[in-house]
Every structure is written in C-alpha cells, then in structure tokens.
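See below for the structure under consideration.
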Amino acid sequence: MNKYFAKEIEPKWQEYWEKNGIYKFKKDQKKKKYYNLVELPYPSGDLHLGHWFAFTPPDAHARYKRMSGFNVFYPNGFDSFGLPAENAAIKRGIHPKDWTYKNIETMKKQFETMGTMIDWGSEVITSDPEYYRWNQWIFIKMYEKGLAYRGKALSNWCPVDQTVLANEHIEQGKCWRCGAEVIQKEVEQWCLKITEYADRLIWPENTSLDWPKEVKEGQNNWIGKKEGMLIKFRIQNSEFRIRELEVFTTRPETTDGVSFLVIAPEHPLNKEIKEKRVQTYIEEASKKTEMERKEDRTKSGVFSGFEAKNPVTGKNIPIWISDYVLAGYGSGAIMAVPFADERDREFAEKFNLSILKTDFKAKPEGKKTVNYHLRDWSVSRQRYWGTPVPMIHCEKCAVVPVPLEDLPVELPYKVDFTPKGKPPLASDEAWLNVKCPKCEAPAKRDAETLDTFFDSAWYYYRYCSPNYEKGPFDELKIKELMPIDIYFGGSEHTLGHTLYARFFTKFFKDLGLVNFDEFAQKRAQHGVILGPDGVRMSKSRDNVVNPDDFVKEYGADTVRLYICFMMPYTATAPWSDSAISGVYKFLKRVWDLQNKIKDHKSNLKSENMSSEEFYQMHSAIKKVGDDLDTLNFNTAVSALMIWLNFLSSKKDVYRLEYETLLKLLAPFAPHITEEVWHSINPSANSIHLENFPLYQAKFTVRETVQIIIQVNGKIRDTIEIDSSKIKDQSFVENETKNSEKIKKYIQNGVKNTIYVPGKILNFVV
RNA sequence: GGGCGAGUGGCGGAACGGUAUACGCGAUAGUCUCAAAAACUAUUGGCUGCAAGGCCUUGAGAGUUCGAAUCUCUCCUUGCCCACCA
C-alpha cells in the first residue's frame, strides 16, 4: 500500500468524475428532486478562502443528500456584470469583457480543484447576451405593469463629472476621479416599485419556510410598515402655491403639543421661499454626504420665516427647515412634539423654541395611512458593464420600450468606458441613435445599465433551463425543479439580494409564470472567515489567506474537511491553520486503516461483530447523517474522528466497518474516499454513487446504561444497569441500595425521588 | 438610538433543562532513534488531599427548578446589520 499522497490522487479523480459525468443532473422520476444552491460568485479572478467556506460545506450537504436518494441539482454560475470589471479595466487598460471572461475561466479551473459535485452543465453567466436578454424582457414586463418607472432618487452627485457616484467612489466627501465635492441631488432614474409588494414581502408569523429568524425579522424591520395619520397644517401665507403642509405621524394624540413643524431641505415648499439664509442652508445640507450625516448628529436648521396653524389648538406655530427630517420618508415634513420626542426636544433646545405640553388626548382630523421604511429600488447605473436598459427615448412618444422581438439590446464592445460625465454608452453614437419603434422618428437608446442586483434576482430560475429561448425560463422545468430546497449564502444579502429575489418571484407569480410565492424553502447563512488578525480579509490590509497554499501542502480533502471542522458554519471567526495538521493526520489514519481490514475471504463476517462494534458504527452513522442534514458540519467531523479512534484502537477492522467509514466520509473528502474505495473494491463504481449507510435505532443504544445517582442534584455515584430495565424505577432504586456512597447521604430519609429513565436518579433529602 | 446574535480550558470549539469542557490543536512525560522529525502511549479546567475523595468552575448578580452553560430578570463586554424612519 502506498502512502497517502493527496496531490497524486486528487486530479486523477477529478478527471474521472468529469469524464464519467457522474455529477450530471438527469431527470429521474423515481427520485425526489433537491435543488441545492449557493449564491453565485462574482468572477474576481481568484477563488479565495471565502469561496471555499461558502461552497464546500454545502457541497458536503449536497453529496449527502444525493447518497440519501435525492436527485440533487447543484448548479453554479457567475454574477459577472458590475463595477470591479470596469475599474480594473480603467486601471489596467483591459476591456471589462475580456477581464471578466478570463477570470471566469481561471475560477472554473480553481473550482475543479475543490472537488465539488457542481454540475456546470447548467451554468449561467449573467453578462452573456442570452442571459441579460431576459433581464431586459423582465424589465419591459415590469414597465408594462407600471412597476418600472422614471422617478427621482436622492443620489451622490459629482457636479464636475455630472454623474452619479457609488458610495465606494467617494473619498472623504470628494469624487474619487476629479476630487470635486460630492453633493446629494435628486436625479431622475429608473426605479422599480418594490413598495407595491411591501405588504406581500412581510413575513407572516407562521410561515412554513425554514428561513433564519434573523432574516425574516431583519426584512420585516427593513420594510418597516407603520400605521399612522396624515394631518394637514394650514400655512399662514396666501402667496404660496402650496397652502398646506401635510405631516405623517404615528402619534396623532400628541397633536396638541406640536410646537413647530419641520420640513426636509428637499421639500417642495422650499422652492417658494426666496430668503437667502434659507437657500444657503439648503445648499449646505445638500453637500453633506451620507457619512457626514451619520457621524455628525448635531441638529442644524433654519427658520423658514413662516407659520402654520395647528388644527387642534388653533395656535400659529413656526415652520423650520432641517435635515434631520428625511425627504424620502412620510411626506418629508413632521410635526415636532418636543415634549414627547427626544429629537424634537434636542432641536427645540438648540434653537430656543418654546415647548408646548401635550396630554396625549388630542383627536385631530386626518387621513389614516400606512407608511413604509422600504423605498422603491433605483436600478439605473451610469456605467458600461451591465445590462443596457431596453428603452428608447423619443421626442414625440417619450419613453418607448424596445420591442420584445428586438431583444437583446446588446452591449457594444468598442466603447470608451472611462468616466466622461455621461454614461459611457451615450458616447457610442452608432449604438445610441435609433428609430423610434412607434413613430420611426429619430430617437435615442437609454444609455444607462441595470443594477447588478437585477441580474442576481432571478438567475436561479435560469439554471433550470439555461438555454431556453422562448422566455426567461421554461415553465415546465420550473415546475420540476423550483422552488430551491436550500439556499446557502451570506448574511450581507438579507436586505438586498434575497429580498429582491422574493420580489421577483412574486412578480413572476403575478405574470402567471410560476405558481408559488417564495423561491426558497430554506435559507442557510454562513459566517465569515476573518483574517488571522481577526479583521475582515482584504488586500489593503494584507491579511488575505490563500487556500491554494494549503491545498498544495495537504490536498483539497484536508482543506475541505478542515473548513467543515474548524468552526460552525454560521460562525464568524478568524482563520487559524494551527489545527489543520490534525485533520490531515485524521485522513492519513483513515488511509492507513486499510491495513487492518479483516480479509473478506475469511469467515469473520460482519454478523460476528460485537454489540459494542455495532453500537459504535450505528451511532456514527446516525450522528454524521443527522448533522449533515442540519448543517452541523463540525460535529459531524468530530463524530467521524470518534469512530476512527475506536476503530484504530482495535486489532482488526471489519470490512463493513471500513466501507461504512468511507461512505460517511465521502461527502467531506471525496477524493481520498474514492481512491481507497477503489483500492479495496477494484471493480466498483464511484463511491459517490453508493447509498449513504442507514442506521438501526436498536443499535444506537448500548446493552447497559450508566445511571447517574444524584443527591439534591449533586452527583454522588453512577451505576450500570441493563438497558432493558431503564423504565423500571423501583429496580433502579433498589440497585442504588448497594451503594455505600449513597447510603451515607440518604440515611436520614428521602423526601422525594426523581427519575429520568436511562439518565438520572435524584434523591431529595 | 433601533434590530439580531454571542460570552464555556492555554486556543478553535462540544453539550434534547439531566455526568460541563466531546472532537481537534497546543502542552507535559514516555516508547522508538546516535539524534531529530514522524508515529505511538499516557496525562492535561482550578483548588485541596499520600490516597479514596472533597470543594469550586460556563462574563457578573439575582430568580424559577429536585437539577441551569441552557429558561426568566438586571447589569457588563463584544460581533453583525440598520440608523435623525416622525
């Protein structure tokens, strides 16, 4: 027998699996489908430790499910549009497309070294025209339903470059490129009316779906449904076109304590106020970036010079302007009740405003209304590397969607995508100028691209029929494969991606394309492997751990197993390689255990195994299987170690024991188990086509059990009884009579006796 | 400020309200060796005792319970997400 040498066996089996297509998903009426999904990666060009952590435990789960008789669908793809490609291109002069597709090639090769059972036959690459064509199709459908509209959204705006900036492109309040001060500006852009689905996106108390509480509550809070009232305050100035201020409040009963009104700097009323100090304040407020607003919480504001009449008390109260009132929430105007609200009091104290009392009994007139924290989703990006918005702007007909049969609107390759103050696509005249589909007059294409969260909101539908040409997906395939049975991913997607995905699913249902309401039965969120210094890994910090180094040293199986073992899947903890050698040692010991197999030709058949041997084996099968089901990968591995410790303490190992061990280990360490499996079964098929061993409940209990004897809850002795007797309390009590230790404690009489069958006998004295 | 979570040996971490510290790392001693590495064996929460044993221990404090790391309350520390949401 050779020594365990991972480097030699791993590529061999990866090739074998590929050649024999053992991971190809095939329709199988006899088996239940199991859609196992991990969030598709961004093709950054390097498979890092985070990818290993995101993909290998789910791979073990998928392999277990497959061995347990499910027809497992485990596809993968690439979320390949987006800013990094464009930034890399600008920096290094490579075209975003070339950069992206080269990275995808590299990463797919790296994925192979991981030894996953991913079926790449259903791969989806979101920057392929065959994919984003359907992005455009969905966008147009949303437009037709009134869900996609031109709206105004507050954005970071560079006044020099004349462009919207992403948060990451603002450095200390200045534009990353030209250094100009970034301001907040309402910019017209494409928005999706996710708010129309707000109610349906709220998780009901008793959902049958298995999603973490953290996600359900997080999303519900984010949607932030609040019931309140809109109350009108008459402005004491007859020259304004706006005569009334409408405010939203959840506490109408405090209206008698309204001491002043506050409106947001962006409130339309401000356009009618010409005073210089007011305009100066508004300008200053617009310069504050998000970061500054977060950091500086001191109240600022300016008196508008006008008053409004409190509908309850009839008193005139001043109208102030302050950026602590948000334009986007409610009506962008509040009634300030400093007596009851801390922020209002802070403001009143800062500007010496009088504070009126409220007895919380006011009953103002007003419209009952519901407000949501959730905003509509702005999807326009003034960027090159994304899905072109499939719209045409015509002077006569305004906005006209591209006819569906003309899709996709392909992204032109030769475009100057360096920032120029207008969207890169706008500089490609040949692409930009088209005829209006309605009136045939000269018109222009929309030069913006879609947010990449649009791409990832529905990619898992496309996996089901990646080459389908009659629609975004084949409805029959969807019936077969959706919804997803388990969706693995990161917690950073709680308020973005997974919410959008739910929104899209509900939209598809409204279109009649699908007959379910939620896209994933179960959501499993992993933690994060931090750098060895306990901080998030990043190149700038120089704390990035490269998994390839460990793969080279120990092999992929060891790295997979270690990632499963080192911490719970949900945990966030620093990377440490201190224990990886222990996992490697474990695999070597499994390998070496071949030597101990009793010759299968001998008469020592598994029927001759002792009850302890049966107990150990069946307990391991149960524990490993259960843990793979419930995603407790670390304790599954420890159960394997415990059993191996038992097996290696014996003189010989039964073939049944050893083969069972290999099958339990196969989901974690697919290569070594395959190698050894073939070496002891030369004519066998792949171990990954074997069934996961079944345990028998009767073997998971020992013949005798230890009962703990307590006195007043303190352990004083243990006794061993036959497990058939565990239900017999008086028998157990009698047994303890022999114990000198116990006698000593209970000689003065027993007040009460508590017996937990098979566990504990507690005397209360 | 709001929401969700976490605090257990030297370290990563196990423990349906029922033997706390499984498993792994590290450490100590031993076997093997000229030596080292590797491998194997034993020990490894603290205090106390020659020993049998006893006492203490899951961030701090209270409570519920025959019994609490686990449930409840208060506080402390810490992580993540959101954040002037009226």
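Going through the structure tokens in order, the chains are called A, B, and so on, while each chain numbers its residues from 1 and the ligands are numbered from 1 in the order shown.
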At a cut-off of 12 Å, using only C-alpha atoms (C1' of nucleotides), what residues contact segment 675-682 of chain A? Leave out same-chain residues fewer than 5 positions from it and give the result as a PDB file with N, CA, C and O atoms, in the first residue's frame.
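File produced: part30.pdb:
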```pdb
ATOM      1  N   MET A   1       0.829  -1.201   0.000  1.00  0.00           N
ATOM      2  CA  MET A   1       0.000   0.000   0.000  1.00  0.00           C
ATOM      3  C   MET A   1       0.869   1.258   0.000  1.00  0.00           C
ATOM      4  O   MET A   1       1.828   1.372   0.746  1.00  0.00           O
ATOM      5  N   ASN A   2       0.515   2.200  -0.860  1.00  0.00           N
ATOM      6  CA  ASN A   2       1.258   3.449  -0.906  1.00  0.00           C
ATOM      7  C   ASN A   2       0.912   4.323   0.285  1.00  0.00           C
ATOM      8  O   ASN A   2      -0.050   4.066   1.005  1.00  0.00           O
ATOM      9  N   LYS A   3       1.699   5.374   0.423  1.00  0.00           N
ATOM     10  CA  LYS A   3       1.346   6.367   1.440  1.00  0.00           C
ATOM     11  C   LYS A   3       0.301   7.312   0.867  1.00  0.00           C
ATOM     12  O   LYS A   3       0.159   7.442  -0.349  1.00  0.00           O
ATOM     13  N   TYR A   4      -0.426   7.941   1.768  1.00  0.00           N
ATOM     14  CA  TYR A   4      -1.451   8.899   1.313  1.00  0.00           C
ATOM     15  C   TYR A   4      -0.759  10.117   0.722  1.00  0.00           C
ATOM     16  O   TYR A   4       0.002  10.804   1.411  1.00  0.00           O
ATOM     17  N   PHE A   5      -1.025  10.364  -0.528  1.00  0.00           N
ATOM     18  CA  PHE A   5      -0.378  11.468  -1.211  1.00  0.00           C
ATOM     19  C   PHE A   5      -1.457  12.182  -2.038  1.00  0.00           C
ATOM     20  O   PHE A   5      -1.767  11.803  -3.168  1.00  0.00           O
ATOM     21  N   ALA A   6      -2.052  13.204  -1.413  1.00  0.00           N
ATOM     22  CA  ALA A   6      -3.240  13.851  -1.983  1.00  0.00           C
ATOM     23  C   ALA A   6      -2.991  14.390  -3.382  1.00  0.00           C
ATOM     24  O   ALA A   6      -3.841  14.283  -4.266  1.00  0.00           O
ATOM     25  N   GLU A   8      -1.366  13.393  -5.766  1.00  0.00           N
ATOM     26  CA  GLU A   8      -1.408  12.430  -6.848  1.00  0.00           C
ATOM     27  C   GLU A   8      -2.819  11.976  -7.164  1.00  0.00           C
ATOM     28  O   GLU A   8      -3.179  11.787  -8.316  1.00  0.00           O
ATOM     29  N   ILE A   9      -3.603  11.777  -6.117  1.00  0.00           N
ATOM     30  CA  ILE A   9      -4.914  11.169  -6.361  1.00  0.00           C
ATOM     31  C   ILE A   9      -5.992  12.196  -6.721  1.00  0.00           C
ATOM     32  O   ILE A   9      -6.929  11.872  -7.436  1.00  0.00           O
ATOM     33  N   GLU A  10      -5.868  13.423  -6.270  1.00  0.00           N
ATOM     34  CA  GLU A  10      -6.975  14.359  -6.451  1.00  0.00           C
ATOM     35  C   GLU A  10      -7.267  14.709  -7.909  1.00  0.00           C
ATOM     36  O   GLU A  10      -8.406  14.583  -8.348  1.00  0.00           O
ATOM     37  N   PRO A  11      -6.239  15.112  -8.685  1.00  0.00           N
ATOM     38  CA  PRO A  11      -6.536  15.433 -10.093  1.00  0.00           C
ATOM     39  C   PRO A  11      -7.062  14.216 -10.844  1.00  0.00           C
ATOM     40  O   PRO A  11      -7.909  14.342 -11.725  1.00  0.00           O
ATOM     41  N   LYS A  12      -6.550  13.044 -10.473  1.00  0.00           N
ATOM     42  CA  LYS A  12      -6.960  11.813 -11.148  1.00  0.00           C
ATOM     43  C   LYS A  12      -8.469  11.616 -11.029  1.00  0.00           C
ATOM     44  O   LYS A  12      -9.157  11.334 -12.013  1.00  0.00           O
ATOM     45  N   TRP A  13      -8.973  11.766  -9.818  1.00  0.00           N
ATOM     46  CA  TRP A  13     -10.405  11.503  -9.635  1.00  0.00           C
ATOM     47  C   TRP A  13     -11.265  12.637 -10.167  1.00  0.00           C
ATOM     48  O   TRP A  13     -12.366  12.417 -10.655  1.00  0.00           O
ATOM     49  N   GLN A  14     -10.733  13.858 -10.091  1.00  0.00           N
ATOM     50  CA  GLN A  14     -11.487  14.979 -10.668  1.00  0.00           C
ATOM     51  C   GLN A  14     -11.720  14.724 -12.154  1.00  0.00           C
ATOM     52  O   GLN A  14     -12.812  14.966 -12.677  1.00  0.00           O
ATOM     53  N   TYR A  16     -11.669  11.758 -13.609  1.00  0.00           N
ATOM     54  CA  TYR A  16     -12.542  10.581 -13.715  1.00  0.00           C
ATOM     55  C   TYR A  16     -14.017  10.976 -13.583  1.00  0.00           C
ATOM     56  O   TYR A  16     -14.853  10.561 -14.379  1.00  0.00           O
ATOM     57  N   ASP A 557      -8.926  17.680   0.015  1.00  0.00           N
ATOM     58  CA  ASP A 557      -9.740  16.974   1.007  1.00  0.00           C
ATOM     59  C   ASP A 557      -9.488  17.510   2.413  1.00  0.00           C
ATOM     60  O   ASP A 557     -10.414  17.712   3.188  1.00  0.00           O
ATOM     61  N   LEU A 587      -7.033  12.068   8.107  1.00  0.00           N
ATOM     62  CA  LEU A 587      -7.165  11.426   6.795  1.00  0.00           C
ATOM     63  C   LEU A 587      -6.090  10.361   6.584  1.00  0.00           C
ATOM     64  O   LEU A 587      -6.362   9.294   6.022  1.00  0.00           O
ATOM     65  N   LYS A 588      -4.884  10.673   7.041  1.00  0.00           N
ATOM     66  CA  LYS A 588      -3.810   9.674   6.907  1.00  0.00           C
ATOM     67  C   LYS A 588      -4.151   8.411   7.686  1.00  0.00           C
ATOM     68  O   LYS A 588      -3.884   7.300   7.235  1.00  0.00           O
ATOM     69  N   VAL A 590      -7.135   7.323   8.370  1.00  0.00           N
ATOM     70  CA  VAL A 590      -8.181   6.602   7.637  1.00  0.00           C
ATOM     71  C   VAL A 590      -7.533   5.768   6.538  1.00  0.00           C
ATOM     72  O   VAL A 590      -7.869   4.606   6.326  1.00  0.00           O
ATOM     73  N   TRP A 591      -6.614   6.391   5.857  1.00  0.00           N
ATOM     74  CA  TRP A 591      -5.889   5.721   4.764  1.00  0.00           C
ATOM     75  C   TRP A 591      -5.174   4.474   5.293  1.00  0.00           C
ATOM     76  O   TRP A 591      -5.310   3.379   4.750  1.00  0.00           O
ATOM     77  N   ASP A 592      -4.439   4.661   6.387  1.00  0.00           N
ATOM     78  CA  ASP A 592      -3.635   3.565   6.920  1.00  0.00           C
ATOM     79  C   ASP A 592      -4.489   2.439   7.502  1.00  0.00           C
ATOM     80  O   ASP A 592      -4.013   1.309   7.631  1.00  0.00           O
ATOM     81  N   LEU A 593      -5.697   2.760   7.838  1.00  0.00           N
ATOM     82  CA  LEU A 593      -6.575   1.761   8.455  1.00  0.00           C
ATOM     83  C   LEU A 593      -6.889   0.604   7.508  1.00  0.00           C
ATOM     84  O   LEU A 593      -7.298  -0.467   7.948  1.00  0.00           O
ATOM     85  N   GLN A 594      -6.661   0.807   6.204  1.00  0.00           N
ATOM     86  CA  GLN A 594      -6.841  -0.279   5.229  1.00  0.00           C
ATOM     87  C   GLN A 594      -6.145  -1.550   5.685  1.00  0.00           C
ATOM     88  O   GLN A 594      -6.639  -2.653   5.480  1.00  0.00           O
ATOM     89  N   ASN A 595      -4.960  -1.340   6.288  1.00  0.00           N
ATOM     90  CA  ASN A 595      -4.154  -2.484   6.720  1.00  0.00           C
ATOM     91  C   ASN A 595      -4.852  -3.383   7.713  1.00  0.00           C
ATOM     92  O   ASN A 595      -4.493  -4.535   7.875  1.00  0.00           O
ATOM     93  N   ILE A 597      -8.047  -4.165   7.803  1.00  0.00           N
ATOM     94  CA  ILE A 597      -9.279  -4.843   7.392  1.00  0.00           C
ATOM     95  C   ILE A 597      -9.083  -6.339   7.491  1.00  0.00           C
ATOM     96  O   ILE A 597      -8.093  -6.886   7.005  1.00  0.00           O
ATOM     97  N   LYS A 598     -10.046  -6.976   8.103  1.00  0.00           N
ATOM     98  CA  LYS A 598     -10.019  -8.432   8.124  1.00  0.00           C
ATOM     99  C   LYS A 598     -10.278  -8.924   6.720  1.00  0.00           C
ATOM    100  O   LYS A 598     -11.136  -8.392   6.011  1.00  0.00           O
ATOM    101  N   ASP A 599      -9.549  -9.912   6.326  1.00  0.00           N
ATOM    102  CA  ASP A 599      -9.671 -10.437   4.975  1.00  0.00           C
ATOM    103  C   ASP A 599     -11.116 -10.821   4.695  1.00  0.00           C
ATOM    104  O   ASP A 599     -11.732 -11.561   5.463  1.00  0.00           O
ATOM    105  N   HIS A 600     -11.636 -10.317   3.598  1.00  0.00           N
ATOM    106  CA  HIS A 600     -13.044 -10.589   3.320  1.00  0.00           C
ATOM    107  C   HIS A 600     -13.291 -12.040   2.970  1.00  0.00           C
ATOM    108  O   HIS A 600     -14.408 -12.510   2.946  1.00  0.00           O
ATOM    109  N   ARG A 655     -14.553  -5.322   7.339  1.00  0.00           N
ATOM    110  CA  ARG A 655     -14.711  -4.665   6.048  1.00  0.00           C
ATOM    111  C   ARG A 655     -15.942  -3.765   6.051  1.00  0.00           C
ATOM    112  O   ARG A 655     -15.919  -2.652   5.528  1.00  0.00           O
ATOM    113  N   LEU A 656     -17.018  -4.244   6.664  1.00  0.00           N
ATOM    114  CA  LEU A 656     -18.239  -3.443   6.739  1.00  0.00           C
ATOM    115  C   LEU A 656     -17.982  -2.126   7.468  1.00  0.00           C
ATOM    116  O   LEU A 656     -18.449  -1.074   7.064  1.00  0.00           O
ATOM    117  N   TYR A 658     -15.139  -0.549   7.750  1.00  0.00           N
ATOM    118  CA  TYR A 658     -14.271   0.332   6.981  1.00  0.00           C
ATOM    119  C   TYR A 658     -15.020   0.960   5.795  1.00  0.00           C
ATOM    120  O   TYR A 658     -14.903   2.147   5.515  1.00  0.00           O
ATOM    121  N   GLU A 659     -15.793   0.158   5.114  1.00  0.00           N
ATOM    122  CA  GLU A 659     -16.537   0.696   3.969  1.00  0.00           C
ATOM    123  C   GLU A 659     -17.569   1.725   4.433  1.00  0.00           C
ATOM    124  O   GLU A 659     -17.810   2.729   3.764  1.00  0.00           O
ATOM    125  N   THR A 660     -18.165   1.454   5.588  1.00  0.00           N
ATOM    126  CA  THR A 660     -19.121   2.419   6.133  1.00  0.00           C
ATOM    127  C   THR A 660     -18.425   3.732   6.460  1.00  0.00           C
ATOM    128  O   THR A 660     -18.915   4.816   6.141  1.00  0.00           O
ATOM    129  N   LEU A 661     -17.252   3.622   7.056  1.00  0.00           N
ATOM    130  CA  LEU A 661     -16.479   4.816   7.377  1.00  0.00           C
ATOM    131  C   LEU A 661     -16.208   5.636   6.111  1.00  0.00           C
ATOM    132  O   LEU A 661     -16.370   6.860   6.089  1.00  0.00           O
ATOM    133  N   LEU A 662     -15.808   4.945   5.051  1.00  0.00           N
ATOM    134  CA  LEU A 662     -15.520   5.660   3.798  1.00  0.00           C
ATOM    135  C   LEU A 662     -16.754   6.376   3.272  1.00  0.00           C
ATOM    136  O   LEU A 662     -16.682   7.515   2.814  1.00  0.00           O
ATOM    137  N   LYS A 663     -17.897   5.711   3.353  1.00  0.00           N
ATOM    138  CA  LYS A 663     -19.122   6.330   2.839  1.00  0.00           C
ATOM    139  C   LYS A 663     -19.546   7.538   3.671  1.00  0.00           C
ATOM    140  O   LYS A 663     -20.046   8.518   3.138  1.00  0.00           O
ATOM    141  N   LEU A 665     -17.534   9.435   5.204  1.00  0.00           N
ATOM    142  CA  LEU A 665     -16.532  10.477   4.993  1.00  0.00           C
ATOM    143  C   LEU A 665     -16.596  11.051   3.576  1.00  0.00           C
ATOM    144  O   LEU A 665     -16.149  12.172   3.327  1.00  0.00           O
ATOM    145  N   ALA A 666     -17.178  10.285   2.666  1.00  0.00           N
ATOM    146  CA  ALA A 666     -17.165  10.672   1.248  1.00  0.00           C
ATOM    147  C   ALA A 666     -17.706  12.083   0.973  1.00  0.00           C
ATOM    148  O   ALA A 666     -17.133  12.812   0.166  1.00  0.00           O
ATOM    149  N   ALA A 669     -14.706  14.421   2.112  1.00  0.00           N
ATOM    150  CA  ALA A 669     -13.407  14.212   1.471  1.00  0.00           C
ATOM    151  C   ALA A 669     -13.605  13.282   0.276  1.00  0.00           C
ATOM    152  O   ALA A 669     -13.350  12.080   0.362  1.00  0.00           O
ATOM    153  N   PRO A 670     -14.068  13.826  -0.836  1.00  0.00           N
ATOM    154  CA  PRO A 670     -14.469  12.967  -1.956  1.00  0.00           C
ATOM    155  C   PRO A 670     -13.317  12.235  -2.636  1.00  0.00           C
ATOM    156  O   PRO A 670     -13.534  11.154  -3.181  1.00  0.00           O
ATOM    157  N   ILE A 687     -17.631   5.708  -5.440  1.00  0.00           N
ATOM    158  CA  ILE A 687     -18.213   5.662  -4.092  1.00  0.00           C
ATOM    159  C   ILE A 687     -19.350   6.673  -3.970  1.00  0.00           C
ATOM    160  O   ILE A 687     -20.278   6.506  -3.184  1.00  0.00           O
ATOM    161  N   HIS A 688     -19.280   7.708  -4.795  1.00  0.00           N
ATOM    162  CA  HIS A 688     -20.289   8.765  -4.702  1.00  0.00           C
ATOM    163  C   HIS A 688     -21.622   8.350  -5.311  1.00  0.00           C
ATOM    164  O   HIS A 688     -22.594   9.090  -5.243  1.00  0.00           O
ATOM    165  N   LEU A 689     -21.637   7.168  -5.919  1.00  0.00           N
ATOM    166  CA  LEU A 689     -22.910   6.638  -6.403  1.00  0.00           C
ATOM    167  C   LEU A 689     -23.477   5.618  -5.426  1.00  0.00           C
ATOM    168  O   LEU A 689     -24.523   5.024  -5.654  1.00  0.00           O
ATOM    169  N   GLU A 690     -22.764   5.411  -4.324  1.00  0.00           N
ATOM    170  CA  GLU A 690     -23.233   4.485  -3.291  1.00  0.00           C
ATOM    171  C   GLU A 690     -24.330   5.151  -2.454  1.00  0.00           C
ATOM    172  O   GLU A 690     -24.477   6.375  -2.449  1.00  0.00           O
TER     173      GLU A 690
END
```
Q) Can you list, as a ChimeraX atom specification, every residue of segment 101-287 of chain A that DSSP puts in helix (DSSP H, G or I)? A) /A:101-114,120-122,129-144,167-169,194-201,213-223,252-257,268-272,276-287
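Coordinates place atom CA of Asn371 of chain A at a distance of 25.2 Å from atom CA of Lys271 of chain A.
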**Q.** At most 8 Å to chain B: residues in chain A, only C-alpha atoms (C1' of nucleotides), as a ChimeraX atom specification
**A.** /A:214,218,221-222,248-250,294,297,324-325,329,334-336,343,373,492,566-567,578-579,582-583,635,638-639,641-642,708,712-713,715,752-754,756,759-760,762-764
Q | Length of the atom CA of Glu196 of chain A to atom CA of Leu147 of chain A vector [Å] | A |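 A separation of 8.1 Å between them.
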Need the shell around Gly228 of chain A: protein/DNA/RNA residues with any atom at most 10 Å away, counting only C-alpha atoms (C1' of nucleotides). Skip same-chain ones fewer than 3 positions apart. Format as a tab-separated table (two decimals) with N, CA and C atoms, in the first residue's frame?
```tsv
chain	number	residue	atom	x	y	z
A	225	LYS	N	-43.25	48.59	8.15
A	225	LYS	CA	-44.63	49.04	7.99
A	225	LYS	C	-45.09	49.73	9.26
A	231	ILE	N	-51.80	64.55	8.76
A	231	ILE	CA	-52.53	65.69	9.31
A	231	ILE	C	-52.12	66.94	8.56
A	248	PHE	N	-46.81	63.32	8.41
A	248	PHE	CA	-47.14	61.96	8.82
A	248	PHE	C	-46.76	61.78	10.28
A	249	THR	N	-47.67	61.20	11.06
A	249	THR	CA	-47.34	60.93	12.46
A	249	THR	C	-47.94	59.59	12.88
A	250	THR	N	-47.19	58.90	13.76
A	250	THR	CA	-47.74	57.68	14.33
A	250	THR	C	-48.41	57.99	15.66
A	251	ARG	N	-48.31	59.25	16.07
A	251	ARG	CA	-48.88	59.61	17.37
A	251	ARG	C	-49.78	60.84	17.27
A	252	PRO	N	-50.91	60.71	16.59
A	252	PRO	CA	-51.80	61.86	16.42
A	252	PRO	C	-52.31	62.41	17.75
A	330	GLY	N	-42.36	59.38	4.73
A	330	GLY	CA	-43.62	60.07	5.01
A	330	GLY	C	-43.85	61.16	3.98
A	366	GLY	N	-57.77	63.74	10.15
A	366	GLY	CA	-56.69	63.37	9.25
A	366	GLY	C	-56.97	62.04	8.60
A	367	LYS	N	-56.13	61.76	7.61
A	367	LYS	CA	-56.34	60.52	6.87
A	367	LYS	C	-55.48	59.44	7.50
A	368	LYS	N	-56.10	58.31	7.83
A	368	LYS	CA	-55.31	57.19	8.33
A	368	LYS	C	-54.46	56.66	7.18
A	369	THR	N	-53.23	56.38	7.48
A	369	THR	CA	-52.35	55.97	6.38
A	369	THR	C	-51.27	55.03	6.88
A	370	VAL	N	-50.71	54.30	5.94
A	370	VAL	CA	-49.65	53.37	6.27
A	370	VAL	C	-48.38	53.84	5.61
A	371	ASN	N	-47.30	53.82	6.33
A	371	ASN	CA	-46.02	54.24	5.79
A	371	ASN	C	-45.03	53.10	5.85
```
Q. Hey, what's within 12 Å of U77 of chain B if we count only C-alpha atoms (C1' of nucleotides) and toss same-chain stuff fewer than 3 positions away? As a ChimeraX atom specification, please?
A. /B:6-7,59-60
(Q) I'd like to know which of A:Asp79, A:Asp210, A:Asp577, A:Asp344 is closest to Trp385 of chain A, using only C-alpha atoms. (A)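 Among A:Asp79, A:Asp210, A:Asp577, A:Asp344, it is A:Asp79 that comes nearest to Trp385 of chain A.
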Q. If you count only C-alpha atoms (C1' of nucleotides), which residues fall within 7 Å of segment 693-706 of chain A, apart from same-chain ones fewer than 4 positions away, as a ChimeraX atom specification?
A. /A:614-615,618-619,621-622,660,718-723,758
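Residues in contact with His526 of chain A at 9 Å, where only C-alpha atoms (C1' of nucleotides) are counted and same-chain residues fewer than 6 positions away are skipped, are listed as Phe53, Ala54, Phe488, Gly489, Gly490, Ser491, Pro568, Tyr569, Thr570, Ala571 and Thr572 of chain A.
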Q) Could you pull the residues within 12 Å of Trp211 of chain A, counting only C-alpha atoms (C1' of nucleotides), minus those fewer than 6 positions along the same chain, as a list in words? A)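 Those residues are Trp203, Pro204, Glu217, Gly218, Gln219, Asp485, Ile486, Tyr487, Phe488, Gly489, Ser491, Thr494, Thr498, Glu518, Phe519, Ala520, Gln521, Lys522, Arg523, Ala524 and Gln525 of chain A.
Atom to atom, atom CA of Asn738 of chain A and atom CA of Arg716 of chain A stand 13.3 Å apart.
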(Q) With DSSP run on the backbone, what are the strand (DSSP E or B) residues within segment 333-443 of chain A? I'd like them as a list in words. (A) Ala333, Ile334, Met335, Ala336, Lys367, Lys368, Thr369, Val370, Asn371, Trp377, Ser378, Ser380, Arg381, Pro388, Met391, Ile392, His393, Cys394, Ala398, Val399, Val400, Pro401, Asn433, Val434, Lys435, Pro442 and Ala443 of chain A
Q) Between A:Pro423, A:Pro57, A:Pro129, A:Gly50, which is the closest to Phe668 of chain A once you count only C-alpha atoms? A)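 Under the stated criterion, the closest residue is A:Pro57.
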